[in-house]
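File shown: target-v3.cif (mmCIF, C-alpha atoms and all ligand atoms).
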data_protein
#
loop_
_atom_site.label_atom_id
_atom_site.label_comp_id
_atom_site.auth_asym_id
_atom_site.auth_seq_id
_atom_site.Cartn_x
_atom_site.Cartn_y
_atom_site.Cartn_z
CA MET A 82 65.57 190.90 75.62
CA ASN A 83 66.76 187.35 76.20
CA THR A 84 64.11 184.94 75.02
CA THR A 85 64.65 181.21 75.31
CA TYR A 86 62.97 179.28 72.50
CA LYS A 87 61.77 175.81 73.40
CA ILE A 88 62.18 173.26 70.65
CA ALA A 89 60.75 169.75 70.69
CA VAL A 90 63.07 167.48 68.74
CA LEU A 91 61.40 164.41 67.22
CA ALA A 92 63.71 162.49 64.95
CA GLY A 93 61.11 159.82 64.17
CA ASP A 94 61.99 156.92 61.92
CA GLY A 95 64.60 155.77 59.43
CA ILE A 96 66.83 158.46 58.01
CA GLY A 97 65.03 160.97 60.26
CA LYS A 98 67.38 159.60 62.95
CA GLU A 99 70.41 160.14 60.71
CA VAL A 100 69.70 163.62 59.39
CA MET A 101 68.43 165.06 62.68
CA PRO A 102 71.89 165.21 64.32
CA GLU A 103 73.10 167.21 61.31
CA GLY A 104 70.08 169.49 61.54
CA LEU A 105 70.81 170.11 65.20
CA ARG A 106 74.49 170.66 64.53
CA ALA A 107 73.71 173.41 62.00
CA VAL A 108 70.89 174.99 63.99
CA SER A 109 72.98 175.06 67.17
CA ALA A 110 75.94 176.58 65.34
CA ALA A 111 73.75 179.33 63.88
CA ALA A 112 72.02 179.93 67.21
CA ARG A 113 75.39 180.31 68.94
CA ARG A 114 76.65 182.70 66.30
CA PHE A 115 73.62 184.98 66.36
CA GLY A 116 72.89 184.85 70.08
CA ILE A 117 69.66 182.86 69.92
CA THR A 118 69.00 180.77 73.03
CA LEU A 119 67.43 177.41 72.33
CA GLU A 120 66.21 174.81 74.80
CA LEU A 121 66.11 171.49 72.95
CA THR A 122 64.05 168.59 74.30
CA GLU A 123 64.30 165.26 72.50
CA PHE A 124 61.41 162.82 72.39
CA ASP A 125 61.58 159.24 71.14
CA TRP A 126 57.90 159.06 70.23
CA ALA A 127 56.05 159.86 67.02
CA SER A 128 58.05 156.91 65.72
CA CYS A 129 57.30 153.37 64.66
CA ASP A 130 59.75 152.03 67.27
CA TYR A 131 57.58 153.66 69.92
CA TYR A 132 54.55 152.06 68.30
CA ALA A 133 56.20 148.66 68.35
CA ALA A 134 56.92 149.08 72.07
CA THR A 135 53.61 150.62 73.20
CA GLY A 136 50.95 150.05 70.55
CA GLY A 137 50.56 153.77 69.92
CA MET A 138 52.52 156.36 67.95
CA MET A 139 52.54 158.87 70.81
CA PRO A 140 51.80 158.96 74.54
CA GLU A 141 48.32 159.97 75.71
CA ASP A 142 49.52 163.34 76.93
CA TRP A 143 51.48 164.25 73.78
CA LYS A 144 49.57 167.48 73.39
CA ALA A 145 50.35 168.63 76.92
CA GLN A 146 54.02 167.72 76.41
CA LEU A 147 54.26 169.78 73.23
CA SER A 148 51.94 172.65 73.97
CA GLY A 149 54.51 174.77 75.75
CA MET A 150 56.96 174.42 72.87
CA ASP A 151 57.71 177.18 70.40
CA ALA A 152 58.44 174.77 67.59
CA ILE A 153 58.67 171.10 66.69
CA TYR A 154 61.71 169.99 64.74
CA PHE A 155 60.70 166.78 63.04
CA GLY A 156 62.72 164.17 61.17
CA ALA A 157 60.54 161.69 59.32
CA VAL A 158 57.86 159.19 60.22
CA GLY A 159 56.99 155.83 58.73
CA TRP A 160 58.30 152.29 58.76
CA PRO A 161 55.87 150.29 56.68
CA ALA A 162 57.50 146.99 57.62
CA ILE A 163 56.10 147.32 61.16
CA VAL A 164 53.33 149.95 60.92
CA PRO A 165 51.10 150.76 57.92
CA ASP A 166 51.73 154.31 56.68
CA HIS A 167 48.17 155.49 57.32
CA ILE A 168 48.51 154.58 60.99
CA SER A 169 51.93 156.15 61.52
CA LEU A 170 51.00 159.31 59.64
CA TRP A 171 47.55 159.82 61.12
CA GLY A 172 48.90 158.96 64.55
CA SER A 173 51.56 161.67 64.50
CA LEU A 174 52.10 164.35 61.83
CA LEU A 175 48.48 164.73 60.81
CA LYS A 176 47.46 165.03 64.45
CA PHE A 177 49.91 167.88 64.92
CA ARG A 178 48.69 169.56 61.77
CA ARG A 179 45.05 169.52 62.86
CA GLU A 180 45.27 169.95 66.60
CA PHE A 181 47.89 172.68 66.40
CA ASP A 182 46.01 174.35 63.53
CA GLN A 183 49.08 174.40 61.30
CA TYR A 184 47.11 175.76 58.40
CA ILE A 185 50.06 176.87 56.29
CA ASN A 186 52.29 174.38 54.57
CA LEU A 187 55.26 176.26 53.23
CA ARG A 188 57.82 174.82 50.82
CA PRO A 189 60.59 176.74 49.13
CA ALA A 190 61.95 175.51 45.81
CA GLN A 191 65.27 176.85 44.62
CA THR A 192 67.91 175.83 42.11
CA PHE A 193 71.48 175.79 43.36
CA GLU A 194 74.89 175.78 41.79
CA GLY A 195 76.25 172.25 41.96
CA VAL A 196 72.85 170.56 41.78
CA ARG A 197 71.54 169.46 38.43
CA SER A 198 67.90 170.31 37.84
CA PRO A 199 65.96 167.63 35.95
CA LEU A 200 64.77 170.47 33.73
CA ALA A 201 67.26 170.91 30.91
CA GLY A 202 68.99 174.28 30.88
CA ARG A 203 67.98 175.41 34.38
CA ALA A 204 70.83 177.04 36.26
CA ALA A 205 71.38 178.26 39.81
CA GLY A 206 69.03 181.09 40.69
CA ASP A 207 66.58 180.33 37.87
CA ILE A 208 64.03 178.94 40.27
CA ASP A 209 63.34 180.69 43.55
CA MET A 210 59.79 180.24 44.70
CA MET A 211 57.73 179.69 47.81
CA ILE A 212 54.74 177.40 47.61
CA VAL A 213 52.02 178.08 50.16
CA ARG A 214 49.55 175.23 50.55
CA GLU A 215 46.35 175.43 52.58
CA ASN A 216 46.80 172.62 55.06
CA THR A 217 43.51 172.03 56.89
CA GLU A 218 40.45 172.08 54.63
CA GLY A 219 39.45 172.24 50.97
CA GLU A 220 39.40 169.04 49.01
CA TYR A 221 40.73 166.96 51.92
CA SER A 222 37.51 166.91 53.90
CA SER A 223 35.86 163.73 55.09
CA VAL A 224 32.42 164.89 54.01
CA GLY A 225 30.82 162.43 51.66
CA GLY A 226 29.89 158.82 51.30
CA ILE A 227 28.97 155.94 49.09
CA MET A 228 25.37 155.27 48.04
CA TYR A 229 23.92 152.05 46.64
CA GLU A 230 27.16 150.40 47.60
CA GLY A 231 27.90 147.15 45.86
CA THR A 232 25.20 147.66 43.24
CA PRO A 233 25.60 148.73 39.62
CA HIS A 234 24.10 152.08 40.72
CA GLU A 235 26.89 152.78 43.19
CA ILE A 236 27.65 156.50 43.59
CA VAL A 237 30.47 158.04 45.59
CA MET A 238 30.71 161.67 46.57
CA GLN A 239 33.28 163.65 48.51
CA GLN A 240 32.84 167.34 49.13
CA ALA A 241 35.47 170.03 49.03
CA VAL A 242 34.90 172.36 51.97
CA PHE A 243 36.22 175.91 51.93
CA SER A 244 35.51 178.28 54.80
CA ARG A 245 35.80 182.02 54.42
CA ARG A 246 38.12 182.17 57.41
CA GLY A 247 40.27 179.28 56.19
CA THR A 248 40.55 180.72 52.71
CA GLU A 249 41.21 184.29 53.67
CA ARG A 250 43.90 183.41 56.15
CA VAL A 251 45.97 181.36 53.71
CA LEU A 252 45.66 184.03 51.01
CA LYS A 253 46.67 186.71 53.49
CA TYR A 254 49.67 184.70 54.55
CA ALA A 255 50.80 184.42 50.92
CA PHE A 256 50.50 188.17 50.31
CA GLU A 257 52.31 188.97 53.57
CA LEU A 258 55.07 186.59 52.55
CA ALA A 259 55.35 188.17 49.10
CA ARG A 260 55.80 191.55 50.76
CA THR A 261 59.00 190.30 52.37
CA ARG A 262 60.45 189.13 49.05
CA ALA A 263 62.19 191.02 46.28
CA ARG A 264 59.74 190.34 43.48
CA LYS A 265 56.58 190.82 45.57
CA HIS A 266 54.43 188.65 43.38
CA VAL A 267 51.72 186.10 44.16
CA THR A 268 50.30 183.49 41.81
CA VAL A 269 46.96 182.07 42.94
CA ALA A 270 46.24 178.53 41.74
CA THR A 271 42.64 177.98 40.70
CA LYS A 272 40.39 175.93 38.46
CA SER A 273 37.40 178.23 38.17
CA ASN A 274 36.87 177.32 34.54
CA GLY A 275 36.02 173.75 35.52
CA ILE A 276 34.99 173.67 39.17
CA SER A 277 32.03 175.98 39.02
CA ILE A 278 31.09 176.76 42.63
CA SER A 279 34.04 176.62 44.99
CA MET A 280 36.76 177.89 42.66
CA PRO A 281 35.02 181.07 41.43
CA TRP A 282 34.37 181.76 45.11
CA TRP A 283 38.07 181.13 45.86
CA ASP A 284 38.99 183.55 43.05
CA ALA A 285 36.71 186.18 44.56
CA ARG A 286 38.41 185.79 47.96
CA ALA A 287 41.78 186.12 46.25
CA ALA A 288 40.72 189.32 44.51
CA GLU A 289 39.44 190.75 47.80
CA VAL A 290 42.61 189.95 49.71
CA ALA A 291 44.80 191.14 46.82
CA GLY A 292 42.95 194.44 46.92
CA THR A 293 44.32 195.08 50.40
CA TYR A 294 47.92 194.58 49.18
CA PRO A 295 48.36 197.23 46.47
CA ASP A 296 52.14 196.84 46.74
CA VAL A 297 52.01 193.15 45.75
CA ALA A 298 51.42 192.14 42.13
CA TRP A 299 49.37 189.00 41.53
CA ASP A 300 47.77 186.80 38.96
CA LYS A 301 45.68 183.65 38.98
CA GLN A 302 46.33 180.60 36.87
CA HIS A 303 44.42 177.40 36.30
CA ILE A 304 46.10 174.44 37.93
CA ASP A 305 46.63 172.57 34.66
CA ILE A 306 48.53 175.31 32.87
CA LEU A 307 50.21 176.24 36.16
CA CYS A 308 51.72 172.75 36.39
CA ALA A 309 52.91 173.04 32.81
CA ARG A 310 54.53 176.40 33.54
CA PHE A 311 56.26 175.02 36.64
CA VAL A 312 58.17 172.85 34.19
CA LEU A 313 58.41 175.20 31.20
CA GLN A 314 58.89 178.62 32.85
CA PRO A 315 59.56 178.08 36.56
CA GLN A 316 61.55 181.29 36.76
CA ARG A 317 58.36 183.34 36.55
CA PHE A 318 57.07 182.26 39.97
CA ASP A 319 57.69 183.97 43.30
CA VAL A 320 54.98 183.05 45.86
CA VAL A 321 52.39 180.50 44.73
CA VAL A 322 49.32 179.92 46.89
CA ALA A 323 46.94 177.02 46.46
CA SER A 324 44.16 175.00 48.06
CA ASN A 325 44.99 171.79 49.90
CA LEU A 326 44.87 169.44 46.87
CA PHE A 327 46.39 171.79 44.32
CA GLY A 328 49.01 172.80 46.87
CA ASP A 329 49.83 169.18 47.58
CA ILE A 330 50.58 168.63 43.90
CA LEU A 331 52.49 171.86 43.38
CA SER A 332 54.56 171.45 46.50
CA ASP A 333 55.89 168.14 45.20
CA LEU A 334 56.30 169.35 41.65
CA GLY A 335 58.14 172.57 42.55
CA PRO A 336 60.96 170.99 44.56
CA ALA A 337 61.13 168.10 42.05
CA CYS A 338 61.97 170.63 39.34
CA THR A 339 65.02 171.77 41.28
CA GLY A 340 66.88 168.49 41.87
CA THR A 341 66.93 165.85 44.57
CA ILE A 342 64.25 165.36 47.22
CA GLY A 343 67.12 165.34 49.70
CA LEU A 344 67.20 169.16 49.53
CA ALA A 345 63.54 170.08 50.00
CA PRO A 346 62.50 171.57 53.37
CA SER A 347 59.03 172.39 54.66
CA ALA A 348 57.22 174.20 57.43
CA ASN A 349 53.76 173.58 58.85
CA LEU A 350 52.84 176.87 60.42
CA ASN A 351 50.40 178.31 62.84
CA PRO A 352 51.39 181.89 62.07
CA GLU A 353 49.52 183.33 65.06
CA ARG A 354 51.71 181.22 67.35
CA ASN A 355 48.76 179.92 69.34
CA PHE A 356 50.34 176.49 68.88
CA PRO A 357 53.80 175.22 68.00
CA SER A 358 54.68 175.12 64.32
CA LEU A 359 56.48 172.15 62.80
CA PHE A 360 59.54 172.05 60.58
CA GLU A 361 60.49 168.91 58.64
CA PRO A 362 62.16 167.74 55.47
CA VAL A 363 59.78 166.90 52.62
CA HIS A 364 61.28 163.44 52.23
CA GLY A 365 60.18 160.43 54.22
CA SER A 366 62.06 157.89 56.30
CA ALA A 367 63.62 156.26 53.20
CA PRO A 368 63.93 152.68 54.46
CA ASP A 369 65.90 151.81 51.32
CA ILE A 370 68.92 153.87 52.38
CA TYR A 371 68.58 153.85 56.17
CA GLY A 372 71.49 152.64 58.27
CA LYS A 373 74.22 153.56 55.80
CA ASN A 374 74.80 157.17 56.79
CA ILE A 375 74.32 158.27 53.17
CA ALA A 376 71.13 160.36 53.39
CA ASN A 377 71.41 163.96 52.28
CA PRO A 378 71.08 166.14 55.40
CA VAL A 379 70.31 169.40 53.56
CA ALA A 380 66.49 169.20 53.72
CA MET A 381 66.69 168.71 57.49
CA ILE A 382 69.20 171.53 57.91
CA TRP A 383 67.27 173.93 55.68
CA SER A 384 64.06 173.13 57.61
CA GLY A 385 65.97 174.16 60.73
CA ALA A 386 66.86 177.45 59.07
CA MET A 387 63.18 178.07 58.39
CA MET A 388 62.48 177.31 62.04
CA LEU A 389 64.95 179.91 63.32
CA ASP A 390 63.57 182.48 60.90
CA PHE A 391 60.03 181.81 62.08
CA LEU A 392 60.93 181.80 65.79
CA THR A 393 62.60 185.15 66.07
CA LYS A 394 60.79 187.13 63.44
CA GLY A 395 60.99 190.72 64.51
CA SER A 396 64.31 190.54 66.27
CA GLY A 397 66.16 189.81 63.06
CA ALA A 398 68.56 187.29 64.60
CA GLY A 399 66.53 184.39 63.23
CA ARG A 400 66.56 185.85 59.74
CA GLN A 401 70.35 186.26 59.96
CA ALA A 402 70.70 182.69 61.23
CA HIS A 403 68.49 181.47 58.40
CA ASP A 404 70.49 183.34 55.79
CA ALA A 405 73.80 182.08 57.20
CA ILE A 406 72.59 178.47 57.11
CA VAL A 407 71.30 178.82 53.55
CA ALA A 408 74.58 180.46 52.49
CA ALA A 409 76.52 177.55 54.00
CA ILE A 410 74.26 175.05 52.22
CA LYS A 411 74.80 176.88 48.93
CA SER A 412 78.51 176.92 49.38
CA VAL A 413 78.73 173.20 50.17
CA LEU A 414 76.44 172.36 47.25
CA ALA A 415 78.64 174.43 44.95
CA SER A 416 81.95 172.98 46.13
CA GLY A 417 81.91 170.72 49.14
CA PRO A 418 81.22 167.14 50.10
CA HIS A 419 78.14 165.70 48.36
CA THR A 420 76.06 162.69 49.34
CA GLY A 421 75.22 159.98 46.82
CA ASP A 422 71.91 161.48 45.64
CA LEU A 423 73.97 164.48 44.46
CA GLY A 424 76.48 162.27 42.70
CA GLY A 425 79.11 162.32 45.44
CA ASN A 426 80.25 159.78 47.98
CA ALA A 427 80.30 161.77 51.22
CA SER A 428 78.45 160.55 54.28
CA THR A 429 75.54 162.31 55.93
CA THR A 430 77.89 163.30 58.74
CA GLU A 431 80.59 164.68 56.45
CA MET A 432 78.17 166.84 54.55
CA GLY A 433 76.49 168.05 57.75
CA GLN A 434 79.81 168.85 59.38
CA ALA A 435 80.97 170.81 56.34
CA ILE A 436 77.83 172.96 56.48
CA ALA A 437 78.05 173.51 60.24
CA ARG A 438 81.71 174.45 59.97
CA LEU A 439 80.92 177.17 57.46
CA ILE A 440 78.17 178.53 59.69
CA SER A 441 80.53 178.74 62.67
CA ASP A 442 83.66 179.82 60.82
CA ALA A 443 82.02 182.83 59.26
CA ALA A 444 81.57 184.23 62.78
P1 LIG B 501 56.73 159.57 52.15
O1 LIG B 501 56.81 158.50 53.20
O2 LIG B 501 57.12 160.93 52.65
O3 LIG B 501 55.51 159.58 51.32
P2 LIG B 501 58.29 157.91 50.49
O4 LIG B 501 58.34 156.87 51.52
O5 LIG B 501 57.56 157.65 49.22
O6 LIG B 501 57.86 159.27 51.11
P3 LIG B 501 60.97 158.80 50.85
O7 LIG B 501 61.10 158.12 52.15
O8 LIG B 501 61.01 160.27 50.86
O9 LIG B 501 59.70 158.33 50.06
O10 LIG B 501 62.00 158.26 49.79
C1 LIG B 501 61.80 158.38 48.40
C2 LIG B 501 63.10 158.08 47.67
O11 LIG B 501 63.99 159.21 47.82
C3 LIG B 501 63.84 156.89 48.23
O12 LIG B 501 64.47 156.18 47.21
C4 LIG B 501 64.86 157.49 49.15
O13 LIG B 501 66.00 156.72 49.30
C5 LIG B 501 65.18 158.82 48.49
N1 LIG B 501 65.48 159.84 49.52
C6 LIG B 501 64.60 160.38 50.38
N2 LIG B 501 65.21 161.24 51.21
C7 LIG B 501 66.51 161.26 50.87
C8 LIG B 501 67.65 161.94 51.38
N3 LIG B 501 67.58 162.80 52.40
N4 LIG B 501 68.84 161.70 50.79
C9 LIG B 501 68.93 160.86 49.75
N5 LIG B 501 67.90 160.18 49.24
C10 LIG B 501 66.69 160.36 49.79
MG MG B 502 57.41 156.69 53.32
#

Will you turn the file into structure tokens for me?
Ligand code: ATP
Ligand code: MG
Amino acid sequence: MNTTYKIAVLAGDGIGKEVMPEGLRAVSAAARRFGITLELTEFDWASCDYYAATGGMMPEDWKAQLSGMDAIYFGAVGWPAIVPDHISLWGSLLKFRREFDQYINLRPAQTFEGVRSPLAGRAAGDIDMMIVRENTEGEYSSVGGIMYEGTPHEIVMQQAVFSRRGTERVLKYAFELARTRARKHVTVATKSNGISISMPWWDARAAEVAGTYPDVAWDKQHIDILCARFVLQPQRFDVVVASNLFGDILSDLGPACTGTIGLAPSANLNPERNFPSLFEPVHGSAPDIYGKNIANPVAMIWSGAMMLDFLTKGSGAGRQAHDAIVAAIKSVLASGPHTGDLGGNASTTEMGQAIARLISDAA
């Protein structure tokens, strides 16, 4: 079988343009080594430069251009000096998320040797979790409104909307993911002691889905104590699944507990592969450091590893490529060139090259 995987490459704005070449260098090295054929197509849109030139973030036919792709490899979007963030974000990433039904937001959080966790006493290997956030519904609905606006009686309401399908599919994804991991454990974030209608219902869905995975252990924890435990006992978590809002919070908190934002990768998945999934670093375009070639390329590279893993699931080559990239990242973090956010003075390029070299050399 010789599948060619089509990848749309969108570097976007700011340091997205600096870390993307390092992402591609690593991904291409791993693809070569494990015999994965990639067809990369670069696009200059979904960027604020494109907006400045055309008045829109993307061309009219963006969906047609991307629909045949297997994945989107995305740098970062946003340049508030020329385009307000809500326009750049809603005009690109959030469109992909909704129109390509990328209902899983997946973020690993791991501690590494050579990277100091802000949590005192945390060492390499202490934290190794996957945060699964529901990405399309829940608390981030636009259902609601303001009554008696401008009067002393003003009332504002915004509904959380959970569908059975939307809830079951994210829970299922989390349990499937746990099955592939050593500890096989899922923590379900909830707040059923305070939110009295939707969260008990969410708990019931979790119990139902959990019942179909007897080989996966699970528990549920209220979001408040769960946040506290992320800081106090992060080593106890394996897969954590949460609604859109709770997941948003946890998926920033988890990676924050492990070190710099320059390491954190993410995937926005349509697991059924009806649409392309998107892989991007958690960080933004970082205007404050752009243009100096000092951004940490690891988040971009690691996102690329997640992309290869997702693409070839089944054949195993993608998993091997993923593991080789992560091993190279670990090795460079432990004893290799470090960018400034890690306390070193290497450039983006130097750190990226060191990682790519390890990926190729191990062949
Ligand atoms: P977003 O637009 O995603 O909400 P933001 O604009 O608030 O995020 P970022 O662009 O991620 O934030 O930058 C936050 C801070 O982290 C900045 O000071 C930035 O320089 C730093 N930072 C972000 N990414 C990296 C990176 N890859 N390497 C080093 N520093 C980074
Ligand atoms: Mg930003």

message = What's around stretch 281-291 of chain A at 7 Å? Count only C-alpha atoms, leave out sequence neighbours fewer than 4 positions away in its own chain, and write the answer as JSON, numbers by chain.
response = {"A": [249, 252, 253, 273, 277]}

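Going from atom CA of A:Asn186 over to atom CA of A:Leu121, you cover 23.2 Å.
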
Within 7 Å of (70.5, 155.6, 64.3) (file coordinates; only C-alpha atoms), which protein or nucleic acid residues are there? I'd like them as number ranges by chain. A: 98-99, 372

Exercise. In Å to one decimal, how far is atom CA of A:Arg262 from atom CA of A:Arg245?
Worked result: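 Taking atom CA of A:Arg245 and atom CA of A:Arg262, their separation equals 26.2 Å.
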
Using the file's own x, y and z axes, what box holds all listed atoms of ligand LIG 501 (chain B) with 8 Å on each side, keeping edges along x, y and z, and what are its centre and edge lengths in Å to one decimal, as AutoDock Vina command-line options?
--center_x 62.2 --center_y 159.5 --center_z 50.2 --size_x 29.4 --size_y 22.6 --size_z 22.0

Which one is closest to A:Pro418: A:Asp166, A:Glu230, A:Glu431, A:Glu215? Count all atoms listed in the file.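 Result for the nearest residue to A:Pro418: A:Glu431.
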
Practice prompt. Dig up all the protein and nucleic acid residues within 10 Å of (59.2, 173.4, 56.9) in the file frame, using all atoms listed in the file, and format them as number ranges by chain.
Written response: A: 154-155, 185-189, 345-350, 358-363, 380-381, 383-388, 391

Residues from last step as file, C-alpha atoms, as a PDB file, in the frame of the given file:
ATOM      1  CA  TYR A 154      61.710 169.990  64.740  1.00  0.00           C
ATOM      2  CA  PHE A 155      60.700 166.780  63.040  1.00  0.00           C
ATOM      3  CA  ILE A 185      50.060 176.870  56.290  1.00  0.00           C
ATOM      4  CA  ASN A 186      52.290 174.380  54.570  1.00  0.00           C
ATOM      5  CA  LEU A 187      55.260 176.260  53.230  1.00  0.00           C
ATOM      6  CA  ARG A 188      57.820 174.820  50.820  1.00  0.00           C
ATOM      7  CA  PRO A 189      60.590 176.740  49.130  1.00  0.00           C
ATOM      8  CA  ALA A 345      63.540 170.080  50.000  1.00  0.00           C
ATOM      9  CA  PRO A 346      62.500 171.570  53.370  1.00  0.00           C
ATOM     10  CA  SER A 347      59.030 172.390  54.660  1.00  0.00           C
ATOM     11  CA  ALA A 348      57.220 174.200  57.430  1.00  0.00           C
ATOM     12  CA  ASN A 349      53.760 173.580  58.850  1.00  0.00           C
ATOM     13  CA  LEU A 350      52.840 176.870  60.420  1.00  0.00           C
ATOM     14  CA  SER A 358      54.680 175.120  64.320  1.00  0.00           C
ATOM     15  CA  LEU A 359      56.480 172.150  62.800  1.00  0.00           C
ATOM     16  CA  PHE A 360      59.540 172.050  60.580  1.00  0.00           C
ATOM     17  CA  GLU A 361      60.490 168.910  58.640  1.00  0.00           C
ATOM     18  CA  PRO A 362      62.160 167.740  55.470  1.00  0.00           C
ATOM     19  CA  VAL A 363      59.780 166.900  52.620  1.00  0.00           C
ATOM     20  CA  ALA A 380      66.490 169.200  53.720  1.00  0.00           C
ATOM     21  CA  MET A 381      66.690 168.710  57.490  1.00  0.00           C
ATOM     22  CA  TRP A 383      67.270 173.930  55.680  1.00  0.00           C
ATOM     23  CA  SER A 384      64.060 173.130  57.610  1.00  0.00           C
ATOM     24  CA  GLY A 385      65.970 174.160  60.730  1.00  0.00           C
ATOM     25  CA  ALA A 386      66.860 177.450  59.070  1.00  0.00           C
ATOM     26  CA  MET A 387      63.180 178.070  58.390  1.00  0.00           C
ATOM     27  CA  MET A 388      62.480 177.310  62.040  1.00  0.00           C
ATOM     28  CA  PHE A 391      60.030 181.810  62.080  1.00  0.00           C
TER      29      PHE A 391
END

Residue completion, stretch 358-374 of chain A, N, CA and C atoms, as an mmCIF file, in the frame of the given file:
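Final file, rebuild_15.cif:
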data_model
loop_
_atom_site.group_PDB
_atom_site.id
_atom_site.type_symbol
_atom_site.label_atom_id
_atom_site.label_comp_id
_atom_site.auth_asym_id
_atom_site.auth_seq_id
_atom_site.Cartn_x
_atom_site.Cartn_y
_atom_site.Cartn_z
ATOM 1 N N SER A 358 54.584 175.441 65.734
ATOM 2 C CA SER A 358 54.680 175.120 64.320
ATOM 3 C C SER A 358 55.703 174.007 64.137
ATOM 4 N N LEU A 359 55.636 173.335 62.997
ATOM 5 C CA LEU A 359 56.480 172.150 62.800
ATOM 6 C C LEU A 359 57.327 172.287 61.544
ATOM 7 N N PHE A 360 58.576 171.896 61.667
ATOM 8 C CA PHE A 360 59.540 172.050 60.580
ATOM 9 C C PHE A 360 60.147 170.677 60.261
ATOM 10 N N GLU A 361 60.055 170.274 59.006
ATOM 11 C CA GLU A 361 60.490 168.910 58.640
ATOM 12 C C GLU A 361 60.928 168.866 57.190
ATOM 13 N N PRO A 362 61.830 167.935 56.881
ATOM 14 C CA PRO A 362 62.160 167.740 55.470
ATOM 15 C C PRO A 362 60.945 167.177 54.734
ATOM 16 N N VAL A 363 60.877 167.429 53.421
ATOM 17 C CA VAL A 363 59.780 166.900 52.620
ATOM 18 C C VAL A 363 59.892 165.377 52.494
ATOM 19 N N HIS A 364 61.120 164.880 52.459
ATOM 20 C CA HIS A 364 61.280 163.440 52.230
ATOM 21 C C HIS A 364 60.796 162.627 53.429
ATOM 22 N N GLY A 365 60.612 161.340 53.169
ATOM 23 C CA GLY A 365 60.180 160.430 54.220
ATOM 24 C C GLY A 365 61.359 159.730 54.882
ATOM 25 N N SER A 366 61.054 158.581 55.478
ATOM 26 C CA SER A 366 62.060 157.890 56.300
ATOM 27 C C SER A 366 63.026 157.058 55.456
ATOM 28 N N ALA A 367 62.729 156.917 54.168
ATOM 29 C CA ALA A 367 63.620 156.260 53.200
ATOM 30 C C ALA A 367 64.237 154.959 53.690
ATOM 31 N N PRO A 368 63.397 153.966 53.966
ATOM 32 C CA PRO A 368 63.930 152.680 54.460
ATOM 33 C C PRO A 368 65.007 152.094 53.554
ATOM 34 N N ASP A 369 64.933 152.414 52.260
ATOM 35 C CA ASP A 369 65.900 151.810 51.320
ATOM 36 C C ASP A 369 67.334 152.268 51.547
ATOM 37 N N ILE A 370 67.531 153.425 52.173
ATOM 38 C CA ILE A 370 68.920 153.870 52.380
ATOM 39 C C ILE A 370 69.277 154.010 53.865
ATOM 40 N N TYR A 371 68.328 153.659 54.733
ATOM 41 C CA TYR A 371 68.580 153.850 56.170
ATOM 42 C C TYR A 371 69.698 152.923 56.675
ATOM 43 N N GLY A 372 70.476 153.458 57.608
ATOM 44 C CA GLY A 372 71.490 152.640 58.270
ATOM 45 C C GLY A 372 72.851 152.724 57.625
ATOM 46 N N LYS A 373 72.951 153.483 56.518
ATOM 47 C CA LYS A 373 74.220 153.560 55.800
ATOM 48 C C LYS A 373 74.912 154.900 55.958
ATOM 49 N N ASN A 374 74.228 155.832 56.622
ATOM 50 C CA ASN A 374 74.800 157.170 56.790
ATOM 51 C C ASN A 374 75.082 157.834 55.431
#
